[in-house]
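Trainee: Attaching a single structure in C-alpha cells format; questions to follow.
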Amino acid sequence: MNRQATYTLDTLRALDPAARTDVLRVLDQVVADLPARWSRGRGVPQLMVSLDGRGGARTERTGLRELSRHGHLDELHRWVDAVPREKAREHGCAALVHGDRIHARINRIGPFGAPRFVPDSRHLRLAHRDVRLTLGFAFPFRTEGRLFPRLVFHDWVSETLDRARRG
C-alpha cells in the first residue's frame, strides 16, 4: 500500500463510526461524480459535495461568489477550510473539491497553478460537524484515451474506501 492510501485509511479509521459513515458517503460521491465533471481543458471543477439528508450525497458546482464570502480569493489558505466547514454545519458533512488550476481560474491571467498541458490534480477538503479539524485528502487519477480522454482514479482509492468501510 502506498503512503497516500495509508494516510487516507488511518485518517478514516481514526474517526468515530457515525462520522466515518458520513465521510465515506461524501467521498464515494466525489469518486463517482468527478470523472463525469472533469474535462481535459478545464481540469477539475470547483465542486461542493454534501450530505442530502436522505442517506446519500449530492454534488453541486460552487462558484467564486460563494468562495469569496470567506476571504480574498487569491489567498487559498484563507477560505479552503471555511467553505466546507460552513456547509457541514448545515448538512452534517461537506467537501470542497478543486484542482491545481484554481488560481488560474480565479485571476483569469496566468498560468498560475499547473500549466494547461499538465494533468490537473485534485484536492479535497472535508469537514464534518462532529470533527473539530477539517480533513484533507488527495485522490490521484490518470487519464485514459487520446481522442476522448476520461478521468480514472487509481485502484487504491476505491480499495482504501472499501477497507475503511469494513473498519
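Following the order of the C-alpha cells, chains are lettered A, B, ..., residues in each are numbered from 1, and ligands are numbered from 1.
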For Leu34 of chain A, please output as a list in words all residues within 8 Å (counting only C-alpha atoms; exclusion window: fewer than 3 positions along the same chain).

Mentor: Val30, Val31, Arg37, Trp38, Val44 and Leu151 of chain A

Trainee: Just to be explicit: take each residue in the selection above, keep all heavy atoms, and write the result as an mmCIF file, in the first residue's frame.

Mentor:
```
data_model
loop_
_atom_site.group_PDB
_atom_site.id
_atom_site.type_symbol
_atom_site.label_atom_id
_atom_site.label_comp_id
_atom_site.auth_asym_id
_atom_site.auth_seq_id
_atom_site.Cartn_x
_atom_site.Cartn_y
_atom_site.Cartn_z
ATOM 1 N N VAL A 30 -17.769 11.835 -4.396
ATOM 2 C CA VAL A 30 -16.681 12.511 -5.128
ATOM 3 C C VAL A 30 -16.104 11.564 -6.173
ATOM 4 O O VAL A 30 -15.941 11.935 -7.343
ATOM 5 C CB VAL A 30 -15.576 12.990 -4.159
ATOM 6 C CG1 VAL A 30 -14.347 13.457 -4.928
ATOM 7 C CG2 VAL A 30 -16.086 14.093 -3.260
ATOM 8 N N VAL A 31 -15.816 10.335 -5.770
ATOM 9 C CA VAL A 31 -15.230 9.361 -6.690
ATOM 10 C C VAL A 31 -16.200 9.019 -7.826
ATOM 11 O O VAL A 31 -15.793 8.818 -8.967
ATOM 12 C CB VAL A 31 -14.787 8.093 -5.915
ATOM 13 C CG1 VAL A 31 -14.374 6.977 -6.860
ATOM 14 C CG2 VAL A 31 -13.642 8.437 -4.971
ATOM 15 N N ARG A 37 -17.530 15.099 -14.498
ATOM 16 C CA ARG A 37 -17.461 16.564 -14.491
ATOM 17 C C ARG A 37 -16.101 17.105 -14.916
ATOM 18 O O ARG A 37 -15.944 18.289 -15.129
ATOM 19 C CB ARG A 37 -17.833 17.085 -13.112
ATOM 20 C CG ARG A 37 -19.282 16.786 -12.774
ATOM 21 C CD ARG A 37 -19.575 17.154 -11.330
ATOM 22 N NE ARG A 37 -20.922 16.834 -10.960
ATOM 23 C CZ ARG A 37 -21.898 17.727 -10.859
ATOM 24 N NH1 ARG A 37 -21.657 18.992 -11.106
ATOM 25 N NH2 ARG A 37 -23.112 17.351 -10.502
ATOM 26 N N TRP A 38 -15.104 16.244 -15.007
ATOM 27 C CA TRP A 38 -13.748 16.647 -15.380
ATOM 28 C C TRP A 38 -13.651 16.831 -16.889
ATOM 29 O O TRP A 38 -14.308 16.137 -17.661
ATOM 30 C CB TRP A 38 -12.770 15.565 -14.944
ATOM 31 C CG TRP A 38 -11.365 15.795 -15.401
ATOM 32 C CD1 TRP A 38 -10.424 16.546 -14.776
ATOM 33 C CD2 TRP A 38 -10.747 15.257 -16.570
ATOM 34 N NE1 TRP A 38 -9.253 16.512 -15.489
ATOM 35 C CE2 TRP A 38 -9.427 15.722 -16.601
ATOM 36 C CE3 TRP A 38 -11.184 14.444 -17.597
ATOM 37 C CZ2 TRP A 38 -8.535 15.396 -17.604
ATOM 38 C CZ3 TRP A 38 -10.298 14.117 -18.609
ATOM 39 C CH2 TRP A 38 -8.991 14.594 -18.605
ATOM 40 N N VAL A 44 -10.071 19.917 -13.089
ATOM 41 C CA VAL A 44 -11.001 19.581 -12.011
ATOM 42 C C VAL A 44 -11.848 20.809 -11.698
ATOM 43 O O VAL A 44 -11.311 21.868 -11.387
ATOM 44 C CB VAL A 44 -10.237 19.128 -10.746
ATOM 45 C CG1 VAL A 44 -11.180 18.891 -9.586
ATOM 46 C CG2 VAL A 44 -9.417 17.880 -11.042
ATOM 47 N N LEU A 151 -11.255 10.629 -17.025
ATOM 48 C CA LEU A 151 -10.552 10.571 -15.753
ATOM 49 C C LEU A 151 -10.808 9.219 -15.112
ATOM 50 O O LEU A 151 -11.948 8.765 -15.059
ATOM 51 C CB LEU A 151 -11.079 11.700 -14.860
ATOM 52 C CG LEU A 151 -10.489 11.865 -13.477
ATOM 53 C CD1 LEU A 151 -10.469 13.330 -13.118
ATOM 54 C CD2 LEU A 151 -11.290 11.100 -12.458
#
```

Trainee: Write out as an MDAnalysis selection string each polymer residue whose atoms come within 12 Å of Glu159 of chain A, counting only C-alpha atoms; drop sequence neighbours fewer than 2 positions from it.

Mentor: chainID A and resid 1:2 5:6 8:9 28 31 153:157 161:166

Trainee: With all heavy atoms retained, export the selected residues as a compact mmCIF listing (two decimals), in the first residue's frame.

Mentor:
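Contents of result.txt, as written:
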```txt
# COMPACT_ATOMS: atom_id res chain seq x y z
N MET A 1 0.85 -1.18 0.00
CA MET A 1 0.00 0.00 0.00
C MET A 1 0.90 1.25 0.00
O MET A 1 1.90 1.29 0.70
CB MET A 1 -0.89 -0.01 1.25
CG MET A 1 -1.98 0.99 1.15
SD MET A 1 -3.29 1.08 2.39
CE MET A 1 -3.21 -0.32 3.40
N ASN A 2 0.54 2.26 -0.77
CA ASN A 2 1.35 3.47 -0.85
C ASN A 2 1.07 4.41 0.33
O ASN A 2 0.16 4.19 1.12
CB ASN A 2 1.16 4.17 -2.20
CG ASN A 2 -0.24 4.70 -2.39
OD1 ASN A 2 -0.88 5.15 -1.46
ND2 ASN A 2 -0.73 4.64 -3.61
N ALA A 5 -2.48 6.07 0.40
CA ALA A 5 -3.51 5.10 0.81
C ALA A 5 -3.45 4.86 2.32
O ALA A 5 -4.48 4.81 2.99
CB ALA A 5 -3.35 3.80 0.05
N THR A 6 -2.25 4.74 2.84
CA THR A 6 -2.08 4.52 4.28
C THR A 6 -2.59 5.71 5.07
O THR A 6 -3.31 5.55 6.06
CB THR A 6 -0.59 4.26 4.61
OG1 THR A 6 -0.14 3.15 3.84
CG2 THR A 6 -0.39 3.99 6.08
N THR A 8 -4.84 7.95 4.10
CA THR A 8 -6.29 8.02 3.97
C THR A 8 -6.96 7.01 4.88
O THR A 8 -7.91 7.33 5.60
CB THR A 8 -6.70 7.77 2.50
OG1 THR A 8 -6.08 8.76 1.68
CG2 THR A 8 -8.20 7.83 2.33
N LEU A 9 -6.47 5.78 4.87
CA LEU A 9 -7.06 4.73 5.70
C LEU A 9 -6.92 5.04 7.18
O LEU A 9 -7.88 4.90 7.95
CB LEU A 9 -6.42 3.39 5.36
CG LEU A 9 -7.04 2.16 5.98
CD1 LEU A 9 -8.51 2.03 5.58
CD2 LEU A 9 -6.28 0.91 5.58
N ASP A 28 -17.38 8.74 -1.46
CA ASP A 28 -17.92 7.90 -2.54
C ASP A 28 -18.56 8.74 -3.63
O ASP A 28 -18.43 8.46 -4.82
CB ASP A 28 -18.95 6.90 -1.99
CG ASP A 28 -18.31 5.76 -1.22
OD1 ASP A 28 -17.11 5.49 -1.43
OD2 ASP A 28 -19.02 5.16 -0.39
N VAL A 31 -15.82 10.34 -5.77
CA VAL A 31 -15.23 9.36 -6.69
C VAL A 31 -16.20 9.02 -7.83
O VAL A 31 -15.79 8.82 -8.97
CB VAL A 31 -14.79 8.09 -5.92
CG1 VAL A 31 -14.37 6.98 -6.86
CG2 VAL A 31 -13.64 8.44 -4.97
N PHE A 153 -9.66 7.10 -11.54
CA PHE A 153 -8.93 7.09 -10.28
C PHE A 153 -8.07 5.84 -10.21
O PHE A 153 -8.41 4.80 -10.76
CB PHE A 153 -9.89 7.12 -9.09
CG PHE A 153 -10.50 8.46 -8.84
CD1 PHE A 153 -11.78 8.75 -9.27
CD2 PHE A 153 -9.79 9.44 -8.19
CE1 PHE A 153 -12.35 9.98 -9.05
CE2 PHE A 153 -10.34 10.69 -7.96
CZ PHE A 153 -11.62 10.95 -8.40
N HIS A 154 -6.96 5.93 -9.49
CA HIS A 154 -6.10 4.76 -9.28
C HIS A 154 -6.88 3.72 -8.47
O HIS A 154 -7.77 4.06 -7.67
CB HIS A 154 -4.82 5.16 -8.54
CG HIS A 154 -3.92 6.00 -9.38
ND1 HIS A 154 -3.03 5.47 -10.29
CD2 HIS A 154 -3.76 7.34 -9.46
CE1 HIS A 154 -2.37 6.44 -10.88
NE2 HIS A 154 -2.80 7.59 -10.40
N ASP A 155 -6.53 2.47 -8.64
CA ASP A 155 -7.26 1.37 -8.00
C ASP A 155 -7.25 1.47 -6.48
O ASP A 155 -8.22 1.09 -5.82
CB ASP A 155 -6.66 0.02 -8.41
CG ASP A 155 -6.89 -0.28 -9.88
OD1 ASP A 155 -7.87 0.26 -10.45
OD2 ASP A 155 -6.10 -1.04 -10.45
N TRP A 156 -6.19 2.00 -5.91
CA TRP A 156 -6.11 2.02 -4.46
C TRP A 156 -7.16 2.93 -3.83
O TRP A 156 -7.49 2.75 -2.65
CB TRP A 156 -4.71 2.40 -3.98
CG TRP A 156 -4.28 3.81 -4.22
CD1 TRP A 156 -3.50 4.27 -5.22
CD2 TRP A 156 -4.61 4.97 -3.43
NE1 TRP A 156 -3.32 5.62 -5.11
CE2 TRP A 156 -3.99 6.08 -4.02
CE3 TRP A 156 -5.37 5.17 -2.29
CZ2 TRP A 156 -4.11 7.36 -3.51
CZ3 TRP A 156 -5.49 6.45 -1.77
CH2 TRP A 156 -4.87 7.52 -2.38
N VAL A 157 -7.70 3.87 -4.57
CA VAL A 157 -8.69 4.79 -4.00
C VAL A 157 -9.94 4.03 -3.57
O VAL A 157 -10.36 4.09 -2.41
CB VAL A 157 -9.04 5.93 -4.99
CG1 VAL A 157 -10.19 6.77 -4.46
CG2 VAL A 157 -7.82 6.79 -5.26
N LEU A 161 -11.20 3.03 0.36
CA LEU A 161 -12.52 3.38 0.89
C LEU A 161 -13.27 2.13 1.33
O LEU A 161 -13.96 2.14 2.36
CB LEU A 161 -13.32 4.17 -0.16
CG LEU A 161 -12.74 5.52 -0.55
CD1 LEU A 161 -13.62 6.18 -1.61
CD2 LEU A 161 -12.59 6.42 0.65
N ASP A 162 -13.14 1.03 0.58
CA ASP A 162 -13.78 -0.24 0.99
C ASP A 162 -13.20 -0.77 2.29
O ASP A 162 -13.93 -1.23 3.16
CB ASP A 162 -13.64 -1.29 -0.11
CG ASP A 162 -14.50 -1.00 -1.32
OD1 ASP A 162 -15.49 -0.23 -1.17
OD2 ASP A 162 -14.21 -1.54 -2.40
N ARG A 163 -11.87 -0.69 2.43
CA ARG A 163 -11.24 -1.15 3.66
C ARG A 163 -11.67 -0.31 4.85
O ARG A 163 -11.90 -0.81 5.95
CB ARG A 163 -9.72 -1.13 3.52
CG ARG A 163 -9.23 -2.24 2.60
CD ARG A 163 -7.74 -2.21 2.44
NE ARG A 163 -7.11 -2.63 3.71
CZ ARG A 163 -5.81 -2.57 3.93
NH1 ARG A 163 -5.01 -2.11 3.00
NH2 ARG A 163 -5.32 -2.96 5.08
N ALA A 164 -11.80 0.99 4.65
CA ALA A 164 -12.24 1.87 5.75
C ALA A 164 -13.69 1.57 6.12
O ALA A 164 -14.07 1.64 7.29
CB ALA A 164 -12.10 3.33 5.33
N ARG A 165 -14.49 1.23 5.14
CA ARG A 165 -15.91 0.91 5.39
C ARG A 165 -16.02 -0.36 6.25
O ARG A 165 -16.89 -0.45 7.10
CB ARG A 165 -16.62 0.71 4.04
CG ARG A 165 -18.09 0.81 4.09
CD ARG A 165 -18.72 0.80 2.70
NE ARG A 165 -18.51 2.08 2.03
CZ ARG A 165 -17.65 2.32 1.06
NH1 ARG A 165 -16.90 1.37 0.59
NH2 ARG A 165 -17.52 3.51 0.52
N ARG A 166 -15.14 -1.32 6.02
CA ARG A 166 -15.16 -2.57 6.79
C ARG A 166 -14.61 -2.38 8.20
O ARG A 166 -14.79 -3.24 9.04
CB ARG A 166 -14.35 -3.64 6.06
CG ARG A 166 -15.11 -4.20 4.88
CD ARG A 166 -14.30 -5.23 4.18
NE ARG A 166 -13.53 -4.49 3.18
CZ ARG A 166 -12.40 -4.90 2.63
NH1 ARG A 166 -11.87 -6.02 2.98
NH2 ARG A 166 -11.79 -4.17 1.74
```

Trainee: In Å, rounded to a single decimal, give me how far atom CA of Leu27 of chain A is from atom CA of Arg142 of chain A.

Mentor: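 Calculated distance between atom CA of Arg142 of chain A and atom CA of Leu27 of chain A is 18.0 Å.
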
Trainee: As a list in words, please: the residues near Lys87 of chain A (cut-off 10 Å, only C-alpha atoms, same-chain neighbours under 5 positions excluded).

Mentor: Met48, Val49, Ser50, Leu51, Ala82, Gly92, Cys93, Ala94, Ala95, Leu96, Leu126, Ala127, His128 and Arg129 of chain A

Trainee: Could you jot down the atom CA of Pro17 of chain A to atom CA of Ala57 of chain A separation for me, Å, one decimal place?

Mentor: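 Value for the atom CA of Pro17 of chain A-atom CA of Ala57 of chain A distance: 17.5 Å.
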
Trainee: Separation of atom CA of Phe137 of chain A and atom CA of Leu124 of chain A, in Å?

Mentor: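 Interatomic distance, atom CA of Phe137 of chain A to atom CA of Leu124 of chain A: 5.2 Å.
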
Trainee: As a PyMOL selection string, please: every residue in chain A that DSSP puts in alpha helix (DSSP H).

Mentor: chain A and resi 3-13+17-37+64-68+76-79+82-91+102-107+155-166
